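In what follows, a single structure is set out as structure tokens and then discussed.
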Amino acid sequence: MTIYEKNIQTLSRYYPEMDYNIDKAKHELKENYTIIEEKSNDGLPVLKVKKDGHCCYLGGKRNAQKPPEEWLEAQGDLCDGYTYIMLGIGNIGYLRELIEHVDFRLNIIIYEPSIQIFLKSLEWIDLEKGMKKHLIIFWVEGIGLMTLDRIGSILDKVMRLENLNKVQLFILPNYDILFEKECESLVKKCEDTALENRVNYNTAVFFSNIDSVNVMKNAKYLCTAYKTIQLYKTIPFDTTGIVVAAGPSLNKNIKELKNAKGKSFIIAVDTAIKPLLRAGIIPDMYFIVDALKPIGLVQIEGAEKIPIVTTLNAAPEILKFHIGKKFFYDEGYRFAEKIIMKSGLRWGDVATGGSVATNVFSLLYKIGLKTIILVGQDLALTGNKSHADGTFEEKMPEVDTTNYKWVEGNYEEKVPTRVDFYTFLTWYEKTISECKEYVKDFRVINATEGGAKIEGTEIMTLREAIAETCTKEVDIASCLDNIQPMLNECNRTWAIEYLLSIPKQFETLKKETQKLHKCYCNLERLCKTKQVDSQQYLKLLKKIKNLITKIESEDTYQLVTMTMPSATKILRDEEFVQLDTLQEEGKELARKGKLYTNLVAEGAELLKGEAEKICDGLEGILADLESGALEIDPEAEDIHTFVEAELTKRIGQP
């Protein structure tokens, strides 16, 4: 059996159908360049590639062995779990150095743009030993479903924030010349993934305490709320969806939206509400998700009755101000899901790209609309302004964009963008591409008339887009009136009873965490003895494991962990540290456990107090529902608004 044949078998053991996909790719192969195998002066095989009139060696012509050896020497002290993202396998020496000279487990992700080079490389190295020792993923363009566009799912897993200091992107010699576009794209994908993880972490830290409290404050609205999955099939699939964002270009064409009213499904972001209502345009819905959004942004007559899509962590002041229909979607809050599941409605989430507008886009796609128009979605500082006039200020100030990142524009060659806008831009491009894979006739029209170019969109003026796609009458208000709240009267009563139990659940969580803390203290004492009793050690570990399982199953545990992302990161930062003895390992386990359990207990006590304030008044609502003092007449003309107003009035805010 040749090395090549053995490698095919090895790859197939780790990745089912890899042999089939490689064979299929070989038969469909279209050679775009010539690959020549030569020998270097030190006798090792090297590849020379002829492409577009250029010749490049992928290994040293004089000495093929020395550069990879020097490269590994320069890596310094590596650690278990270190990750290499490599562009290319044409010089097999680099992979061989890692396989043969690094004893602990590495993550090695190899993107190879050329099937020809990949197949040739399989003739020169036996992968079996390396695959057993390390996690090695070959991502070869054109084999199976492997493309550079799809590598993001791999990068997300290996480029977690706490592991970024153990990740290295390495581009093999001359790949940046032979595969310039692929090289630029991979570098960009890695940068974007790292940036997104940093942004997500910083956001989690910023909102850590706020989110948990907001979620509890807003949970009462689930009792009379609606779910976004109910919009599926309620809004006709052939309706054009319009995302109205609050970019500076909205000032140019806002009045054109009057022509789309009654012929489309218009959803605005919260910051666009004031400019729209002042222009005489009432959107069919608006979206609010921000935990700290000031109420002044939406505090205008008429906004309080417009149906909203919102999240449990949204600003409570805005949800209290609002008395219309509230639509929620599944966010993964365990205690909230218990209430939502009572509706009997299937799971329905909304993907987020980090902004309210990306949430709106995701919702319109998920409810089955095939044409979406983007308005005011600049993703850039058009005219050196961040938002449309009339949003945060009547006249938005100009910003100095000298040192900003510049990207391709819709109408201008380059436009300035911010880090957050750029993150949203890359999300749009990736998501639109994925949507079009699933829905072949899916259209996204960028009618922003300014701002950054979004790959995958058609550029039109808003007038042109409305004239072409908004041709059918649709009464969105009537569609929404046909939807009933997700909970019936019986389940609404159950939901209030469940919410009343939340403070007690926090108390239970605190007590269980204190038990776990004592176990860690016992483990620490055991590991300080000269001779560790292994049976006692294992018994303690089993008890710790059982308590952890019990604690993590508590509905309120998730709310507590949301308050301490920094602590979670500290613990995960150290997960790759390995210690020499059982005693040292036990001491370290106890140290981390004591730290974590103290934080969980403190968080449970803090949130218990908040929950008790929030639950004030819920008992009266429950009693009236059970006694019939609060009548719920399904035939009443405005019953849902009445019940919501009653809940808000009587529960209030702490």
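Here's how to read the names in the structure tokens: chain A, B, ... by the order shown, residue numbers from 1 in each chain, ligand numbers from 1 in the order shown.
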When you look at Leu381 (chain A) with a cut-off of 9 Å (counting only C-alpha atoms), what residues show up, excluding the ones that are within fewer than 4 positions of it in the same chain? I need them as an MDAnalysis selection string. chainID A and resid 247:248 385:387 398:399 401 415:418 451:452
For Pro294 (chain A), which residue among A:Cys527, A:Leu231, A:Ile318, A:Leu276 is the nearest when counting only C-alpha atoms? A:Ile318
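Distances to Gly280 (chain A) were evaluated for A:Lys157, A:Lys233, A:Lys255, A:Lys594 using only C-alpha atoms, and the minimum falls at A:Lys255.
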Please identify all polymer residues within 12 Å of Leu178 (chain A), counting only C-alpha atoms, omitting same-chain residues fewer than 2 positions from it, and present them as a PyMOL selection string. chain A and resi 32-34+48-58+87-88+90+112-114+117+171-176+180-184
For region 347-359 of chain A, work out the shell of residues within 10 Å, counting only C-alpha atoms and skipping chain neighbours fewer than 5 positions away, then give it as an NGL selection string. :A and (196 or 199-200 or 203 or 227-230 or 232 or 243-246 or 267-271 or 286-290 or 309-310 or 328-332 or 337 or 340-341 or 364-367 or 374-377 or 420-421 or 423-428 or 431)
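Put simply, CA of Ser534 (chain A) is 19.3 Å away from CA of Gly593 (chain A).
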The residue from A:Asp156, A:Glu612, A:Glu5, A:Glu123 with the smallest atom-to-atom distance to Leu500 (chain A), counting only C-alpha atoms, is A:Glu612
Using DSSP on the backbone coordinates, identify all residues within region 145-371 of chain A classified as helix (DSSP H, G or I); present the result as a ChimeraX atom specification. /A:148-150,152-158,161-166,175-178,180-206,208-224,228-231,250-260,270-278,295-297,303-305,316-321,334-341,356-366
